[in-house]
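To start, the structure under review is shown below, and the notes come after it.
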Amino acid sequence: METTLTAVAEQALRGGTRAGLEALLKASLRLTGATGAALYEGRVCVMKVGNVPARRADAAKRPSVLELWPAPLTTSQRSVVARFSAFAPALLAAHAREVAQGARQARLLEAKQRLERTVAAQDKRRSRAAHDLRTPLMVIKGYVDMMIKGTGGPLGAQAQRYLERIAKVAADQKDLIDRRLAPSVPGLDDLRPVLERAFAPVKGRGRAAPTLTLPGERTVPVRGARADWELLARTLAKGTTGAVAVDVHLGPALEAPHWLLRVQACPGAALTARSEAVLRQLVGRLGGTLSVAVEPRLDITLVLPGDDAFPVPAHR
């Protein structure tokens, strides 16, 4: 009997719990000589094999888990039924979990497909919106360029200033459209922990810990990949390892929604050409600007783009 139960368990493991339940019923028929067998959960028939009569309306409210027809007569047969009935609940519970997992997987697949359809529709709407917004803007820009070049005749100084202002506003509007309608890029929730880890004091070095001045009342969300921000912070920290004093300041820039990150170090700090090249590459990838001064002390200033979804507080 134990060998049979082991074989049933292996069948359930390899072919799924439904295959294990079917193997259990067939083994019950083989070992007892019955012509029909059924498994029940409460009053619900989960599976049946062979000739199983319809249950009567006056059947017990809580029937046994495993029932055979005809009913076992010998002690050996009843022992088989009792042992299999004790093993069946474990298979039924596993089968219930398997069914629930399959239903959950189906729901997740449906949700994934629904999200994919939503994203595709949003991409189409964004593309149409970008076209509808850029087309009149490009017409205005082309007309203004033509007027500035004097195609329509000479212009007065005041008219020239008006046209130059219109051209600048049109260029700014185009940049705004490109930024707002560009595909969203997952950003970094908070830049502060990245800077704190990069500029954390190192044991065994005879210098004061870097001074970090970070916004304390709110997070600093920024656009761009976390790996780029972490590499940028490590490169800044590495460039100031030889300094006696290091000051790191992060706050709102004059132009929203940007952040101003300034690192000052003296004396003994030196930013190698390779480190500066890495910084410029990272800052350019993140959409910011970089300026480096070495006299009278190392002064690195970065203007970094914030996350439009979380407005940067006004500069004071």
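Following the order of the structure tokens, first chain is A, next is B, and so on, with residues numbered from 1 inside each chain and ligands from 1 in the order they appear.
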Check range 4-163 of chain A with DSSP on the backbone and list each residue it calls strand (DSSP E or B), as a PyMOL selection string.
chain A and resi 36-41+44-50+66-69
Problem set entry | Selection: 8 Å around Gly20 in chain A, only C-alpha atoms, excl. self and same-chain fewer than 3 positions, as a PyMOL selection string | chain A and resi 8-13+15-17+23-24+91
Could you write out that same residue set with N, CA and C atoms as a short mmCIF file (atom, residue, chain, number, x, y, z; two decimals), in the first residue's frame?
```cif
data_model
loop_
_atom_site.label_atom_id
_atom_site.label_comp_id
_atom_site.auth_asym_id
_atom_site.auth_seq_id
_atom_site.Cartn_x
_atom_site.Cartn_y
_atom_site.Cartn_z
N VAL A 8 1.56 7.18 -6.46
CA VAL A 8 0.53 8.21 -6.68
C VAL A 8 1.13 9.60 -6.46
N ALA A 9 1.93 9.74 -5.40
CA ALA A 9 2.56 11.03 -5.11
C ALA A 9 3.52 11.44 -6.23
N GLU A 10 4.29 10.50 -6.74
CA GLU A 10 5.20 10.80 -7.85
C GLU A 10 4.42 11.21 -9.09
N GLN A 11 3.28 10.54 -9.32
CA GLN A 11 2.45 10.90 -10.47
C GLN A 11 1.91 12.33 -10.33
N ALA A 12 1.51 12.67 -9.11
CA ALA A 12 1.02 14.03 -8.87
C ALA A 12 2.12 15.06 -9.04
N LEU A 13 3.34 14.70 -8.64
CA LEU A 13 4.46 15.61 -8.75
C LEU A 13 4.86 15.83 -10.21
N GLY A 15 2.94 14.90 -13.15
CA GLY A 15 1.86 15.23 -14.09
C GLY A 15 0.84 16.20 -13.56
N GLY A 16 0.99 16.67 -12.32
CA GLY A 16 0.01 17.57 -11.75
C GLY A 16 -0.91 16.85 -10.80
N THR A 17 -1.56 17.62 -9.94
CA THR A 17 -2.40 17.01 -8.90
C THR A 17 -3.61 16.28 -9.48
N ALA A 23 -4.86 8.79 -10.43
CA ALA A 23 -4.09 7.60 -10.08
C ALA A 23 -4.55 7.02 -8.75
N LEU A 24 -4.92 7.88 -7.82
CA LEU A 24 -5.40 7.40 -6.53
C LEU A 24 -6.72 6.62 -6.68
N LEU A 91 -3.85 15.64 -1.33
CA LEU A 91 -3.90 15.83 -2.78
C LEU A 91 -4.96 16.86 -3.16
#
```
Could you give me, as an mmCIF file with N, CA, C and O atoms, in the first residue's frame, the residues within 12 Å of range 119-135 of chain A, counting only C-alpha atoms and dropping anything in the same chain fewer than 5 positions from it?
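Writing done, so here's selection.cif:
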```
data_model
loop_
_atom_site.group_PDB
_atom_site.id
_atom_site.type_symbol
_atom_site.label_atom_id
_atom_site.label_comp_id
_atom_site.auth_asym_id
_atom_site.auth_seq_id
_atom_site.Cartn_x
_atom_site.Cartn_y
_atom_site.Cartn_z
ATOM 1 N N LYS A 112 -1.790 41.821 -17.903
ATOM 2 C CA LYS A 112 -0.622 42.193 -18.711
ATOM 3 C C LYS A 112 -1.044 42.571 -20.127
ATOM 4 O O LYS A 112 -0.583 43.580 -20.680
ATOM 5 N N GLN A 113 -1.912 41.764 -20.710
ATOM 6 C CA GLN A 113 -2.382 42.071 -22.062
ATOM 7 C C GLN A 113 -3.180 43.369 -22.090
ATOM 8 O O GLN A 113 -3.063 44.158 -23.041
ATOM 9 N N ARG A 114 -3.964 43.594 -21.027
ATOM 10 C CA ARG A 114 -4.731 44.838 -20.964
ATOM 11 C C ARG A 114 -3.799 46.043 -20.855
ATOM 12 O O ARG A 114 -4.015 47.072 -21.510
ATOM 13 N N ILE A 140 4.894 78.245 -37.730
ATOM 14 C CA ILE A 140 5.223 79.542 -37.136
ATOM 15 C C ILE A 140 6.720 79.791 -37.196
ATOM 16 O O ILE A 140 7.190 80.879 -37.561
ATOM 17 N N LYS A 141 7.507 78.777 -36.827
ATOM 18 C CA LYS A 141 8.958 78.926 -36.823
ATOM 19 C C LYS A 141 9.491 79.204 -38.226
ATOM 20 O O LYS A 141 10.366 80.058 -38.419
ATOM 21 N N GLY A 142 8.952 78.470 -39.210
ATOM 22 C CA GLY A 142 9.400 78.701 -40.581
ATOM 23 C C GLY A 142 9.066 80.101 -41.057
ATOM 24 O O GLY A 142 9.893 80.763 -41.723
ATOM 25 N N ALA A 170 9.088 79.900 -29.546
ATOM 26 C CA ALA A 170 8.762 78.711 -30.335
ATOM 27 C C ALA A 170 9.745 77.577 -30.049
ATOM 28 O O ALA A 170 9.359 76.407 -29.935
ATOM 29 N N ALA A 171 11.043 77.917 -29.928
ATOM 30 C CA ALA A 171 12.044 76.891 -29.618
ATOM 31 C C ALA A 171 11.815 76.308 -28.229
ATOM 32 O O ALA A 171 11.907 75.080 -28.021
ATOM 33 N N GLN A 173 8.966 76.191 -26.668
ATOM 34 C CA GLN A 173 7.745 75.384 -26.730
ATOM 35 C C GLN A 173 8.014 74.021 -27.344
ATOM 36 O O GLN A 173 7.476 73.005 -26.887
ATOM 37 N N LYS A 174 8.862 73.989 -28.356
ATOM 38 C CA LYS A 174 9.217 72.701 -28.974
ATOM 39 C C LYS A 174 9.944 71.800 -27.977
ATOM 40 O O LYS A 174 9.675 70.601 -27.891
ATOM 41 N N ASP A 175 10.871 72.391 -27.213
ATOM 42 C CA ASP A 175 11.577 71.599 -26.197
ATOM 43 C C ASP A 175 10.595 71.061 -25.158
ATOM 44 O O ASP A 175 10.712 69.909 -24.714
ATOM 45 N N LEU A 176 9.618 71.889 -24.770
ATOM 46 C CA LEU A 176 8.628 71.456 -23.789
ATOM 47 C C LEU A 176 7.787 70.314 -24.342
ATOM 48 O O LEU A 176 7.513 69.325 -23.643
ATOM 49 N N ILE A 177 7.370 70.422 -25.600
ATOM 50 C CA ILE A 177 6.582 69.360 -26.229
ATOM 51 C C ILE A 177 7.394 68.074 -26.294
ATOM 52 O O ILE A 177 6.895 66.986 -25.981
ATOM 53 N N ASP A 178 8.662 68.190 -26.699
ATOM 54 C CA ASP A 178 9.503 66.994 -26.802
ATOM 55 C C ASP A 178 9.669 66.328 -25.444
ATOM 56 O O ASP A 178 9.646 65.092 -25.338
ATOM 57 N N ARG A 179 9.825 67.154 -24.396
ATOM 58 C CA ARG A 179 10.053 66.590 -23.069
ATOM 59 C C ARG A 179 8.791 65.963 -22.498
ATOM 60 O O ARG A 179 8.825 64.880 -21.915
ATOM 61 N N ARG A 180 7.648 66.634 -22.666
ATOM 62 C CA ARG A 180 6.412 66.140 -22.085
ATOM 63 C C ARG A 180 5.845 64.936 -22.830
ATOM 64 O O ARG A 180 5.201 64.084 -22.233
ATOM 65 N N LEU A 181 6.076 64.875 -24.147
ATOM 66 C CA LEU A 181 5.490 63.794 -24.933
ATOM 67 C C LEU A 181 6.477 62.678 -25.228
ATOM 68 O O LEU A 181 6.142 61.732 -25.939
ATOM 69 N N ALA A 182 7.687 62.781 -24.694
ATOM 70 C CA ALA A 182 8.647 61.694 -24.890
ATOM 71 C C ALA A 182 8.217 60.486 -24.069
ATOM 72 O O ALA A 182 7.557 60.625 -23.034
ATOM 73 N N PRO A 183 8.552 59.256 -24.519
ATOM 74 C CA PRO A 183 8.221 58.059 -23.728
ATOM 75 C C PRO A 183 8.809 58.167 -22.336
ATOM 76 O O PRO A 183 9.941 58.621 -22.152
ATOM 77 N N SER A 184 8.026 57.784 -21.349
ATOM 78 C CA SER A 184 8.456 57.917 -19.961
ATOM 79 C C SER A 184 9.625 56.979 -19.661
ATOM 80 O O SER A 184 9.653 55.833 -20.094
#
```
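The shortest atom-to-atom distance to Ala93 in chain A, with only C-alpha atoms taken into account, belongs to A:Leu21 out of A:Leu68, A:Leu137, A:Leu21, A:Thr151.
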Open item on the list: Set the distance at 12 Å and use only C-alpha atoms: which residues neighbour Ala273 in chain A once local chain neighbours fewer than 3 positions away are removed? I'd like the list as number ranges by chain.
Closed with: A: 235, 239, 270, 276-280, 292
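DSSP annotation of range 163-198 of chain A from backbone atoms: helix (DSSP H, G or I) residues are Leu163, Glu164, Arg165, Ile166, Ala167, Lys168, Val169, Ala170, Ala171, Asp172, Gln173, Lys174, Asp175, Leu176, Ile177, Asp178, Arg179, Arg180, Leu181, Arg192, Pro193, Val194, Leu195, Glu196, Arg197 and Ala198 of chain A.
Here the question is which of A:Gln281, A:Ser275, A:Thr211, A:Thr219 gets nearest to Asp247 in chain A using only C-alpha atoms, and that residue is A:Thr211.
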- prompt: Residues at most 12 Å from Ser28 in chain A, counting only C-alpha atoms, excluding those fewer than 2 positions away in the same chain, as a PyMOL selection string?
  reply: chain A and resi 1+4-5+8+21-26+30-39+48-50+66-72+76-85+87-88
How would the residues just picked look written out with N, CA and C atoms as a compact mmCIF listing (two decimals), in the first residue's frame?
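So out-v6.txt came out as:
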```txt
# COMPACT_ATOMS: atom_id res chain seq x y z
N MET A 1 0.83 -1.21 0.00
CA MET A 1 0.00 0.00 0.00
C MET A 1 0.87 1.26 0.00
N THR A 4 2.19 1.93 -3.37
CA THR A 4 1.17 2.51 -4.24
C THR A 4 1.00 4.01 -3.97
N LEU A 5 0.97 4.38 -2.70
CA LEU A 5 0.83 5.79 -2.36
C LEU A 5 2.03 6.60 -2.83
N VAL A 8 1.56 7.18 -6.46
CA VAL A 8 0.53 8.21 -6.68
C VAL A 8 1.13 9.60 -6.46
N LEU A 21 -4.73 12.56 -8.47
CA LEU A 21 -6.06 12.17 -8.00
C LEU A 21 -6.62 11.01 -8.82
N GLU A 22 -6.43 11.08 -10.12
CA GLU A 22 -6.91 9.99 -10.98
C GLU A 22 -6.17 8.69 -10.67
N ALA A 23 -4.86 8.79 -10.43
CA ALA A 23 -4.09 7.60 -10.08
C ALA A 23 -4.55 7.02 -8.75
N LEU A 24 -4.92 7.88 -7.82
CA LEU A 24 -5.40 7.40 -6.53
C LEU A 24 -6.72 6.62 -6.68
N LEU A 25 -7.63 7.12 -7.49
CA LEU A 25 -8.90 6.44 -7.70
C LEU A 25 -8.70 5.09 -8.41
N LYS A 26 -7.86 5.07 -9.41
CA LYS A 26 -7.61 3.82 -10.13
C LYS A 26 -6.95 2.79 -9.23
N ARG A 30 -8.29 -0.98 -8.16
CA ARG A 30 -7.46 -2.17 -8.37
C ARG A 30 -7.27 -2.95 -7.08
N LEU A 31 -7.09 -2.25 -5.96
CA LEU A 31 -6.80 -2.94 -4.70
C LEU A 31 -8.05 -3.44 -3.99
N THR A 32 -9.21 -2.90 -4.32
CA THR A 32 -10.43 -3.32 -3.62
C THR A 32 -11.38 -4.11 -4.51
N GLY A 33 -11.16 -4.07 -5.82
CA GLY A 33 -12.07 -4.77 -6.72
C GLY A 33 -13.38 -4.05 -6.96
N ALA A 34 -13.49 -2.78 -6.55
CA ALA A 34 -14.71 -2.02 -6.77
C ALA A 34 -14.82 -1.64 -8.24
N THR A 35 -16.04 -1.26 -8.65
CA THR A 35 -16.29 -0.88 -10.04
C THR A 35 -16.39 0.63 -10.23
N GLY A 36 -16.46 1.36 -9.16
CA GLY A 36 -16.55 2.82 -9.25
C GLY A 36 -15.98 3.48 -8.02
N ALA A 37 -15.35 4.67 -8.21
CA ALA A 37 -14.78 5.40 -7.08
C ALA A 37 -14.92 6.89 -7.36
N ALA A 38 -15.08 7.68 -6.29
CA ALA A 38 -15.24 9.12 -6.43
C ALA A 38 -14.61 9.82 -5.23
N LEU A 39 -14.10 11.04 -5.48
CA LEU A 39 -13.52 11.88 -4.44
C LEU A 39 -14.44 13.09 -4.24
N LYS A 48 -14.29 11.33 -10.49
CA LYS A 48 -14.82 9.98 -10.36
C LYS A 48 -14.27 9.11 -11.47
N VAL A 49 -14.20 7.82 -11.18
CA VAL A 49 -13.68 6.83 -12.13
C VAL A 49 -14.60 5.61 -12.08
N GLY A 50 -14.94 5.03 -13.22
CA GLY A 50 -15.77 3.83 -13.27
C GLY A 50 -17.25 4.16 -13.15
N LEU A 66 -13.40 9.74 0.17
CA LEU A 66 -13.31 8.70 -0.86
C LEU A 66 -14.46 7.71 -0.68
N GLU A 67 -15.19 7.46 -1.74
CA GLU A 67 -16.28 6.49 -1.69
C GLU A 67 -16.11 5.51 -2.85
N LEU A 68 -16.43 4.22 -2.55
CA LEU A 68 -16.31 3.15 -3.55
C LEU A 68 -17.65 2.45 -3.72
N TRP A 69 -17.85 1.92 -4.95
CA TRP A 69 -19.05 1.13 -5.24
C TRP A 69 -18.63 -0.17 -5.93
N PRO A 70 -19.07 -1.31 -5.46
CA PRO A 70 -19.82 -1.51 -4.21
C PRO A 70 -18.93 -1.26 -3.00
N ALA A 71 -19.54 -1.07 -1.84
CA ALA A 71 -18.79 -0.75 -0.63
C ALA A 71 -17.86 -1.90 -0.26
N PRO A 72 -16.66 -1.61 0.21
CA PRO A 72 -15.71 -2.67 0.61
C PRO A 72 -16.30 -3.54 1.71
N SER A 76 -9.32 -5.99 4.85
CA SER A 76 -8.22 -5.49 4.03
C SER A 76 -8.69 -4.36 3.10
N GLN A 77 -9.88 -4.55 2.50
CA GLN A 77 -10.39 -3.53 1.60
C GLN A 77 -10.71 -2.23 2.37
N ARG A 78 -11.30 -2.38 3.54
CA ARG A 78 -11.62 -1.20 4.34
C ARG A 78 -10.36 -0.48 4.81
N SER A 79 -9.30 -1.28 5.03
CA SER A 79 -8.02 -0.68 5.43
C SER A 79 -7.45 0.17 4.28
N VAL A 80 -7.60 -0.35 3.05
CA VAL A 80 -7.12 0.41 1.88
C VAL A 80 -7.89 1.72 1.75
N VAL A 81 -9.21 1.64 1.91
CA VAL A 81 -10.05 2.84 1.78
C VAL A 81 -9.68 3.86 2.87
N ALA A 82 -9.48 3.38 4.09
CA ALA A 82 -9.14 4.29 5.18
C ALA A 82 -7.80 4.97 4.94
N ARG A 83 -6.82 4.17 4.45
CA ARG A 83 -5.48 4.76 4.22
C ARG A 83 -5.53 5.75 3.07
N PHE A 84 -6.25 5.41 2.00
CA PHE A 84 -6.34 6.31 0.86
C PHE A 84 -7.16 7.57 1.21
N SER A 85 -8.20 7.39 2.07
CA SER A 85 -9.00 8.53 2.49
C SER A 85 -8.18 9.50 3.32
N PHE A 87 -4.97 9.99 2.84
CA PHE A 87 -4.00 10.62 1.94
C PHE A 87 -4.67 11.60 0.97
N ALA A 88 -5.93 11.36 0.65
CA ALA A 88 -6.63 12.17 -0.36
C ALA A 88 -6.72 13.65 0.00
```
### Query
Got a sec: who's within 12 Å of Glu295 in chain A, counting only C-alpha atoms, leaving out chain neighbours fewer than 6 positions off, as an NGL selection string?
:A and (264-270)
Could you take the residues named above and write them with N, CA and C atoms, as a compact mmCIF listing (two decimals), in the first residue's frame?
```txt
# COMPACT_ATOMS: atom_id res chain seq x y z
N GLN A 264 32.38 71.07 -3.54
CA GLN A 264 33.58 71.89 -3.36
C GLN A 264 34.55 71.14 -2.46
N ALA A 265 35.83 71.15 -2.84
CA ALA A 265 36.84 70.40 -2.10
C ALA A 265 38.15 71.18 -2.08
N CYS A 266 38.81 71.19 -0.91
CA CYS A 266 40.11 71.83 -0.77
C CYS A 266 40.75 71.38 0.55
N PRO A 267 42.10 71.47 0.66
CA PRO A 267 42.99 71.41 -0.51
C PRO A 267 43.28 69.96 -0.84
N GLY A 268 44.04 69.71 -1.88
CA GLY A 268 44.48 68.36 -2.22
C GLY A 268 43.57 67.61 -3.16
N ALA A 269 42.44 68.17 -3.56
CA ALA A 269 41.53 67.47 -4.47
C ALA A 269 41.95 67.71 -5.91
N ALA A 270 41.79 66.71 -6.74
CA ALA A 270 42.15 66.82 -8.16
C ALA A 270 41.23 65.91 -8.95
```
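Atom to atom, CA of Pro89 in chain A and CA of Tyr40 in chain A stand 9.5 Å apart.
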> So which residues touch Leu214 in chain A within 7 Å, counting only C-alpha atoms, skipping near sequence neighbours fewer than 6 positions away, as JSON, numbers by chain?
Replying inline: {"A": [192, 249, 250, 251]}
Write the residues you've just listed into a file as a compact mmCIF listing (two decimals), in the first residue's frame, and include C-alpha atoms for each of them.
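Done, and the output landed in part17.txt:
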```txt
# COMPACT_ATOMS: atom_id res chain seq x y z
CA ARG A 192 19.77 61.82 -1.32
CA HIS A 249 25.19 70.94 -1.49
CA LEU A 250 21.98 69.83 -3.21
CA GLY A 251 19.04 72.17 -3.71
```
